[in-house]
2 protein chains.
Amino acid sequence: MRFSLKADYALRSALDLALHASPAQLARTSDVARRTGAPAKFLEAVLGQLRRAGIVESERGSRGGHRLARPASRIGVGDVIRAAEGPDALVIRPAQRRIPSGGPTGGARALHQLWTEAERALSAALDGVTLEDLARRVQESSGVPDFSI
Amino acid sequence: MRFSLKADYALRSALDLALHASPAQLARTSDVARRTGAPAKFLEAVLGQLRRAGIVESERGSRGGHRLARPASRIGVGDVIRAAEGPDALVIRPAQRRIPSGGPTGGARALHQLWTEAERALSAALDGVTLEDLARRVQESSGVPDFSI
DNA sequence: AGTATTCATATCAATTTAGTAGGAATTAAA
DNA sequence: TTTAATTCCTACTAAATTGATATGAATACT
């Protein structure tokens, strides 16, 4: 039950923009791709999704590129993942085939409760961390400015 | 990023066995299927996986069926999910393409840490609950003996 | 022998994932 | 005003995964 590589590319590029772009200094897709290790053409599409989700801004033309649309402290990791994978990205309960009116009963109710608790735990771990938190960890822990997987 | 329906069927049937089977009283696949709402033929394969994982036991022949292989108090929800989806079922970090020798650095290291925390939170929520816990919740909360989604 | 059950293997359609290709639109610079 | 550099848009594709179904063999009770 892994998150997609696309979500990973989205997080990498968002973190890369937090580290290498600013309102004055845009980052080119090709540079983000090189630093994060993502395929450039694929990353183009991912950055497009982040733009449509309001997480990054872009400028076209020969000095164009991307930057974060708001401070890194106000962008949660969960926001980025949802932008890449869709609004249900953090929903882990198996798809239900029928929707019970009045809510589930019996064993289904116990499982419903279980999934709800697991989703809460996961969301707390992902929505509770911002790009600023990640950027700080990068600078504190090593000083290495890019990814170099 | 949902768990598969197969994992759901596995959990439903394991819980169903906790409620409706015992060392003396086996439950037929067709009955488990009826109570849980799973397709009988598909459930057959799922129960086969649970058997090979050592979670259930079976007997063939005209009085055959399934039962839990050990007390419900010693079967964790995570065990059942792993039996259905494979050993990486609770791994949520995106598949990595290259394995860095010496571990990840820079941004990759920060993300590695993030995924590790999220996986710990998820495992705590799923491995920390047993089939006995679920069975107790079913009996306490409603008395309805089956699923009736 | 006959019936009821689990067990094993093969097959399949739909969806998702992880890309690639080609070019249009836009902006800055020469 | 052309040229170059960039984002943006649409379409396509191969491989893997998911959620099944089909057929029949093996086993055990009556």
# chains A, B, ... in the order shown; residues from 1 in each chain; ligands from 1
call {"tool": "interface_residues", "arguments": {"of": "chain C", "to": "chain B", "cutoff": "8 Å", "atoms": "only C-alpha atoms (C1' of nucleotides)", "output": "mmCIF file with N, CA and C atoms (P, O5', C5', C4', C3', O3' and C1' of nucleotides), in the first residue's frame"}}
result
data_model
loop_
_atom_site.group_PDB
_atom_site.id
_atom_site.type_symbol
_atom_site.label_atom_id
_atom_site.label_comp_id
_atom_site.auth_asym_id
_atom_site.auth_seq_id
_atom_site.Cartn_x
_atom_site.Cartn_y
_atom_site.Cartn_z
ATOM 1 P P DT C 3 -25.202 -37.743 -5.668
ATOM 2 O "O5'" DT C 3 -24.842 -36.702 -4.509
ATOM 3 C "C5'" DT C 3 -25.118 -37.038 -3.158
ATOM 4 C "C4'" DT C 3 -24.263 -36.187 -2.247
ATOM 5 C "C3'" DT C 3 -24.095 -34.731 -2.691
ATOM 6 O "O3'" DT C 3 -24.406 -33.893 -1.607
ATOM 7 C "C1'" DT C 3 -22.013 -35.687 -2.152
ATOM 8 P P DA C 4 -24.578 -32.305 -1.840
ATOM 9 O "O5'" DA C 4 -23.448 -31.727 -0.879
ATOM 10 C "C5'" DA C 4 -23.259 -32.312 0.407
ATOM 11 C "C4'" DA C 4 -21.921 -31.880 0.949
ATOM 12 C "C3'" DA C 4 -21.577 -30.413 0.705
ATOM 13 O "O3'" DA C 4 -21.091 -29.861 1.924
ATOM 14 C "C1'" DA C 4 -19.838 -31.791 -0.099
ATOM 15 P P DT C 5 -21.191 -28.332 2.234
ATOM 16 O "O5'" DT C 5 -19.737 -27.840 1.805
ATOM 17 C "C5'" DT C 5 -18.733 -27.843 2.761
ATOM 18 C "C4'" DT C 5 -17.411 -28.297 2.199
ATOM 19 C "C3'" DT C 5 -16.547 -27.211 1.588
ATOM 20 O "O3'" DT C 5 -15.992 -26.389 2.590
ATOM 21 C "C1'" DT C 5 -16.189 -29.388 0.639
ATOM 22 P P DT C 6 -15.211 -25.062 2.167
ATOM 23 O "O5'" DT C 6 -13.716 -25.596 1.936
ATOM 24 C "C5'" DT C 6 -13.041 -26.268 2.991
ATOM 25 C "C4'" DT C 6 -11.792 -26.937 2.444
ATOM 26 C "C3'" DT C 6 -10.684 -25.979 1.996
ATOM 27 O "O3'" DT C 6 -9.429 -26.530 2.389
ATOM 28 C "C1'" DT C 6 -11.280 -27.374 0.200
#
call {"tool": "select_by_dssp", "arguments": {"residues": "chain A", "states": "strand (DSSP E or B)", "output": "ChimeraX atom specification"}}
result
/A:27,56-59,65-68,76,130
call {"tool": "select_by_dssp", "arguments": {"residues": "stretch 6-71 of chain A", "states": "alpha helix (DSSP H)", "output": "VMD selection string"}}
result
chain A and resid 6 to 20 29 to 36 40 to 52
call {"tool": "atom_distance", "arguments": {"atom1": "atom CA of B:Ala95", "atom2": "atom CA of B:Gly107"}}
result
16.2 Å
call {"tool": "closest_atom_pairs", "arguments": {"of": "chain D", "to": "stretch 10-26 of chain C", "cutoff": "10 Å", "atoms": "only C-alpha atoms (C1' of nucleotides)", "output": "Markdown table"}}
result
| residue | atom | partner | partner_atom | distance |
| --- | --- | --- | --- | --- |
| D:DT6 | C1' | C:DT26 | C1' | 8.4 |
| D:DT7 | C1' | C:DT26 | C1' | 7.9 |
| D:DC8 | C1' | C:DA25 | C1' | 7.2 |
| D:DC9 | C1' | C:DA24 | C1' | 7.7 |
| D:DT10 | C1' | C:DG22 | C1' | 9.4 |
| D:DA11 | C1' | C:DA21 | C1' | 8.6 |
| D:DC12 | C1' | C:DA21 | C1' | 8.0 |
| D:DT13 | C1' | C:DT20 | C1' | 8.0 |
| D:DA14 | C1' | C:DG19 | C1' | 9.0 |
| D:DA15 | C1' | C:DT17 | C1' | 8.6 |
| D:DA16 | C1' | C:DT17 | C1' | 7.7 |
| D:DT17 | C1' | C:DT16 | C1' | 7.5 |
| D:DT18 | C1' | C:DT15 | C1' | 7.7 |
| D:DG19 | C1' | C:DA14 | C1' | 9.1 |
| D:DA20 | C1' | C:DC12 | C1' | 8.5 |
| D:DT21 | C1' | C:DC12 | C1' | 8.1 |
| D:DA22 | C1' | C:DT11 | C1' | 8.0 |
| D:DT23 | C1' | C:DA10 | C1' | 8.8 |
call {"tool": "atom_distance", "arguments": {"atom1": "atom CA of A:Ala53", "atom2": "atom CA of B:Glu117"}}
result
25.5 Å
